[in-house]
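K.L.:
Sharing a structure below in structure tokens format, with a few things to ask.
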Amino acid sequence: MASNNYYDVTEWNIGNPYQDIGEVINSIIADIKSRQTETDDNEGGKPGAVIYIPPGDYHLLTQIVIDISYLQIVGSGHGFTSSSIRYNTPQSEWPNWHELWPGGSRILVDMTAQDDAEEYTGAAFYVARSGDPRISSVEFSDFCIDGLHFVDDGSGSDDPENSYLNGKTGIYIASAQDSFRISGMGFVYLEHGVTVYNADALSIHDNFIAECGNCIELRDSGQASKITDNLIGAGYRGYSIYAQNFGGLLITANNIFPRGKSCVHFSGVVRSSISSNRFHAFYPGMLVLEDGSAENLVSANHFFREREPWAPMQAYNNGLDDLYGLLYINGDNNSVIANHISESIDTQYITPADATPVIIHIVAGVGNYISDNHIVATTETTQLPTATTGSCFSTQVGALLATAGLEALNVTNVLIEAESKQNTILDSGSDSQVVMDKTANAFRAIPVPGMPAGGAR
């Protein structure tokens, strides 16, 4: 027996999904609501539905509004491919490519955001419902949301496709919600990939969210959620992962790659964990804990910072200098334990000129615990040529694998400002590599090979 709670957008009798999938899905949701009206029918009554998007290109002109629980919108492939590489390649080369555009089950966001409109109006999917209980168990899986183009930022740049601005959002969840899942999705060329307010038990798992101005933003407040096993990379203006006023957030096993303003930015986040991730960045400020972020665990992550090696993107940065720190902490009782932190940058690219780069920077707060972090800082002994030719892939892989011809770079492993006291710093730098008031904080130095224990470098 076929279920009347399963819908295929290509077989629905209202609208044309290839011309405006928004109209089609909105009419399907209206049909679900018209049929599922009983709130308590034999201890059930509103089971929700599945909306299936087969592989293909579907333009979206009408925002999709979701205000029912137990809805799954599912496709058959996240379809991601790099739009940044395409737009930074001469169009004369495009005819020789196997494919040009993202694929799979792909939604093309053709809506144009108005400059003075509310942020949510630029979202492909807008989830909002008032009243009790909170909207629950809405799932997005296995399709692609493509913002298509970025726009001119007014800076005079002749390449608007690198602006990371267009007012478009993939999924915008405005209402407090419970047990939402976003998995197996592809997001590309959106100013905001996923924006969620007041999340509870949210799972963002195994997605490809890249070349977006901001990738994941958890705003207002939230609890008991996880961001796991994703491939993520924001633009230089925005966040790869941002969380605000959150408790019990788990960020684990993500591979976050460069150009984001930060890899992870916590504002007022407490009792949360960042563990076993790989973070790669072209700028300082890879991890930011601020605005009262407290009692967070940052453990067993790999941080790597280098300079942007690909010529088309070397003009852009996040505006922070090397005194800011790769890890920036303004909060109490956070633990940064057993991380591997690498920085490899030619001295001519350090800002301000002749500055000593800072790795872990504790700006304010008390009781932070920094222990057993392995910090490797290197610079090139000979100047390597700027990569002006070759693919983005080969250029970046070559830079990642380059370990020959490097020598030690002088850095400040840990800097603790006078406003921060009663911190404990263990085995994360030699005596000369840690700058702090050692009468106001506890300190144990790493012994330097060939020197007596506690000796200067």
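So you can find residues: chains in the structure tokens are A, B, ... in the order shown, residues in each start at 1, and ligands are numbered from 1 in order.
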If you run DSSP on the backbone here, which positions in region 114-217 of chain A get strand (DSSP E)? Please write them as a PyMOL selection string.
P.N.:
chain A and resi 123-127+135-136+139-141+144-146+169-173+177-178+181-183+186-188+192-200+203-205+208-212+214-217
K.L.:
Smallest atom-to-atom distance to Tyr349 (chain A): which of A:Pro102, A:Gly450, A:Gly167, A:Pro309, using only C-alpha atoms?
P.N.:
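Ranking A:Pro102, A:Gly450, A:Gly167, A:Pro309 by distance to Tyr349 (chain A), first place goes to A:Pro309.
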K.L.:
Which residue gives the smallest distance to His340 (chain A) among A:Ile375, A:Ala281, A:Ala243, A:Val196, with only C-alpha atoms counted?
P.N.:
A:Ile375
K.L.:
Could you check how far CA of Tyr70 (chain A) sits from CA of Gly48 (chain A), in Å to one decimal?
P.N.:
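If I compute the distance from CA of Tyr70 (chain A) to CA of Gly48 (chain A), I get 4.6 Å.
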K.L.:
Using only C-alpha atoms, which of A:Gly247, A:Gly122, A:Pro357, A:Gly131 sits nearest His192 (chain A)?
P.N.:
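Distance minimum relative to His192 (chain A) lands on A:Gly122.
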K.L.:
Tell me, in Å to one decimal, how far CA of Thr112 (chain A) is from CA of Ile145 (chain A).
P.N.:
14.9 Å
K.L.:
So, counting only C-alpha atoms, which residue among A:Leu327, A:Ser272, A:Ile68, A:Tyr120 is closest to Asp132 (chain A)?
P.N.:
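Of A:Leu327, A:Ser272, A:Ile68, A:Tyr120, the one nearest Asp132 (chain A) is A:Ile68, counting only C-alpha atoms.
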K.L.:
Please determine, counting only C-alpha atoms, which residue among A:Val435, A:Val366, A:Leu409, A:Ile21 has the shortest atom-to-atom distance to Asn423 (chain A).
P.N.:
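Of the candidates, the smallest distance to Asn423 (chain A) is held by A:Val366.
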K.L.:
Provide the CA of Asn16 (chain A) to CA of Leu60 (chain A) distance in Å, to one decimal place.
P.N.:
10.5 Å
K.L.:
Do a neighbour search on Gly79 (chain A) at 9 Å with only C-alpha atoms, toss out local chain neighbours closer than 4 positions, and write the hits as a list of chain:residue names.
P.N.:
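Skipping anything fewer than 4 positions along the chain leaves A:Pro55, A:Trp101, A:Pro102, A:Gly103, A:Gly104, A:Ser105, A:Arg106, A:Asp142, A:Phe143, A:Cys144, A:Ile145, A:Met185, A:Gly186, A:Phe187.
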K.L.:
Can you write just those residues out, C-alpha atoms, as a compact mmCIF listing (two decimals), in the first residue's frame?
P.N.:
# COMPACT_ATOMS: atom_id res chain seq x y z
CA PRO A 55 18.46 14.48 -8.76
CA TRP A 101 27.93 23.55 -11.80
CA PRO A 102 26.90 21.77 -8.61
CA GLY A 103 24.71 18.71 -9.18
CA GLY A 104 22.81 16.03 -7.29
CA SER A 105 19.43 17.16 -6.00
CA ARG A 106 20.15 20.85 -6.41
CA ASP A 142 21.07 14.79 0.93
CA PHE A 143 20.44 17.74 -1.36
CA CYS A 144 22.30 20.88 -2.42
CA ILE A 145 21.36 24.51 -1.81
CA MET A 185 23.66 18.36 2.72
CA GLY A 186 25.67 20.56 0.36
CA PHE A 187 25.71 24.36 0.79
K.L.:
Could you name the residues that touch Ile350 (chain A) at 8 Å or less, counting only C-alpha atoms, but leaving out those on the same chain fewer than 5 positions away, as a PDB file with N, CA and C atoms, in the first residue's frame?
P.N.:
ATOM      1  N   ASP A 321      45.800  40.847  13.049  1.00  0.00           N
ATOM      2  CA  ASP A 321      47.247  40.701  12.918  1.00  0.00           C
ATOM      3  C   ASP A 321      47.744  39.552  13.782  1.00  0.00           C
ATOM      4  N   ASP A 322      49.066  39.299  13.711  1.00  0.00           N
ATOM      5  CA  ASP A 322      49.640  38.123  14.364  1.00  0.00           C
ATOM      6  C   ASP A 322      49.817  38.283  15.864  1.00  0.00           C
ATOM      7  N   ILE A 345      54.839  30.200   8.382  1.00  0.00           N
ATOM      8  CA  ILE A 345      54.629  31.422   7.610  1.00  0.00           C
ATOM      9  C   ILE A 345      55.962  32.129   7.412  1.00  0.00           C
ATOM     10  N   ALA A 355      56.918  41.671  14.231  1.00  0.00           N
ATOM     11  CA  ALA A 355      56.237  41.235  15.453  1.00  0.00           C
ATOM     12  C   ALA A 355      56.548  39.770  15.730  1.00  0.00           C
ATOM     13  N   PRO A 357      54.766  36.500  16.540  1.00  0.00           N
ATOM     14  CA  PRO A 357      53.394  35.985  16.517  1.00  0.00           C
ATOM     15  C   PRO A 357      53.012  35.314  17.840  1.00  0.00           C
TER      16      PRO A 357
END
K.L.:
Write out as a PyMOL selection string all residues of region 260-440 of chain A that backbone DSSP assigns to helix (DSSP H, G or I).
P.N.:
chain A and resi 311-313+347-349+392-401+431-433
K.L.:
Save out the residues we just selected, N, CA and C atoms, as a short mmCIF file (atom, residue, chain, number, x, y, z; two decimals), in the first residue's frame.
P.N.:
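Here's the written file selection.cif:
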data_model
loop_
_atom_site.label_atom_id
_atom_site.label_comp_id
_atom_site.auth_asym_id
_atom_site.auth_seq_id
_atom_site.Cartn_x
_atom_site.Cartn_y
_atom_site.Cartn_z
N ALA A 311 47.03 32.39 -5.59
CA ALA A 311 47.15 33.79 -5.98
C ALA A 311 45.81 34.54 -6.05
N PRO A 312 44.73 33.97 -6.62
CA PRO A 312 43.49 34.75 -6.75
C PRO A 312 42.90 35.21 -5.42
N MET A 313 43.26 34.56 -4.30
CA MET A 313 42.66 34.91 -3.02
C MET A 313 43.64 35.56 -2.05
N THR A 347 58.50 35.12 7.25
CA THR A 347 58.54 36.29 8.13
C THR A 347 58.07 37.56 7.44
N GLN A 348 58.19 37.66 6.12
CA GLN A 348 57.77 38.89 5.44
C GLN A 348 56.26 39.10 5.48
N TYR A 349 55.52 38.03 5.79
CA TYR A 349 54.06 38.13 5.81
C TYR A 349 53.52 38.30 7.23
N CYS A 392 43.94 25.26 -7.97
CA CYS A 392 43.79 25.55 -6.54
C CYS A 392 44.16 24.32 -5.72
N PHE A 393 43.73 23.15 -6.18
CA PHE A 393 44.01 21.91 -5.45
C PHE A 393 45.51 21.65 -5.34
N SER A 394 46.21 21.68 -6.47
CA SER A 394 47.64 21.36 -6.43
C SER A 394 48.42 22.40 -5.65
N THR A 395 48.02 23.67 -5.75
CA THR A 395 48.71 24.72 -5.02
C THR A 395 48.55 24.54 -3.52
N GLN A 396 47.34 24.27 -3.08
CA GLN A 396 47.09 24.15 -1.64
C GLN A 396 47.66 22.86 -1.08
N VAL A 397 47.57 21.76 -1.84
CA VAL A 397 48.16 20.51 -1.36
C VAL A 397 49.67 20.63 -1.27
N GLY A 398 50.27 21.28 -2.27
CA GLY A 398 51.72 21.48 -2.22
C GLY A 398 52.15 22.27 -1.00
N ALA A 399 51.38 23.31 -0.67
CA ALA A 399 51.69 24.11 0.51
C ALA A 399 51.52 23.30 1.79
N LEU A 400 50.48 22.48 1.84
CA LEU A 400 50.22 21.67 3.04
C LEU A 400 51.33 20.67 3.29
N LEU A 401 51.86 20.09 2.22
CA LEU A 401 52.86 19.03 2.36
C LEU A 401 54.28 19.55 2.50
N ASP A 431 60.39 28.59 29.13
CA ASP A 431 60.30 29.80 29.95
C ASP A 431 60.27 31.06 29.09
N SER A 432 61.06 31.06 28.02
CA SER A 432 61.12 32.26 27.17
C SER A 432 59.94 32.36 26.22
N GLN A 433 59.18 31.28 26.04
CA GLN A 433 58.07 31.28 25.09
C GLN A 433 56.73 31.61 25.73
#
K.L.:
Using only C-alpha atoms, which protein or nucleic acid residues come within 9 Å of Asn198 (chain A)? Drop anything in the same chain fewer than 3 positions from it, and give the result as a list of chain:residue names.
P.N.:
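Using only C-alpha atoms, the neighbours found are A:Ile173, A:Ala174, A:Ser175, A:Ala176, A:Gln177, A:Leu218, A:Arg219, A:Asp220, A:Ser221, A:Gly222, A:Gln223, A:Phe246.
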K.L.:
Restrict the selected residues to C-alpha atoms and save them as a PDB file, in the first residue's frame.
P.N.:
ATOM      1  CA  ILE A 173      15.363  28.371  11.680  1.00  0.00           C
ATOM      2  CA  ALA A 174      13.791  31.265  13.562  1.00  0.00           C
ATOM      3  CA  SER A 175      11.743  29.480  16.218  1.00  0.00           C
ATOM      4  CA  ALA A 176      12.815  27.535  19.270  1.00  0.00           C
ATOM      5  CA  GLN A 177      12.914  23.922  18.179  1.00  0.00           C
ATOM      6  CA  LEU A 218      23.793  29.050  16.334  1.00  0.00           C
ATOM      7  CA  ARG A 219      22.263  32.260  17.604  1.00  0.00           C
ATOM      8  CA  ASP A 220      20.448  33.650  20.639  1.00  0.00           C
ATOM      9  CA  SER A 221      20.785  30.559  22.861  1.00  0.00           C
ATOM     10  CA  GLY A 222      20.750  26.777  22.868  1.00  0.00           C
ATOM     11  CA  GLN A 223      21.706  23.549  24.549  1.00  0.00           C
ATOM     12  CA  PHE A 246      25.082  27.921  24.264  1.00  0.00           C
TER      13      PHE A 246
END
K.L.:
If you count only C-alpha atoms, which residues fall within 10 Å of region 329-339 of chain A, apart from same-chain ones fewer than 6 positions away, as number ranges by chain?
P.N.:
A: 266-277, 285, 287-303, 360-375, 416, 419-428
K.L.:
Neighbours of Ile53 (chain A) within 9 Å (only C-alpha atoms; same-chain residues fewer than 5 positions away dropped), as a list in words?
P.N.:
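Selected residues are Tyr7, Asp8, Val9, Thr10, Tyr58, Ile73, Val74, Gly75, Ser76, Ser105, Arg106 and Phe143 of chain A.
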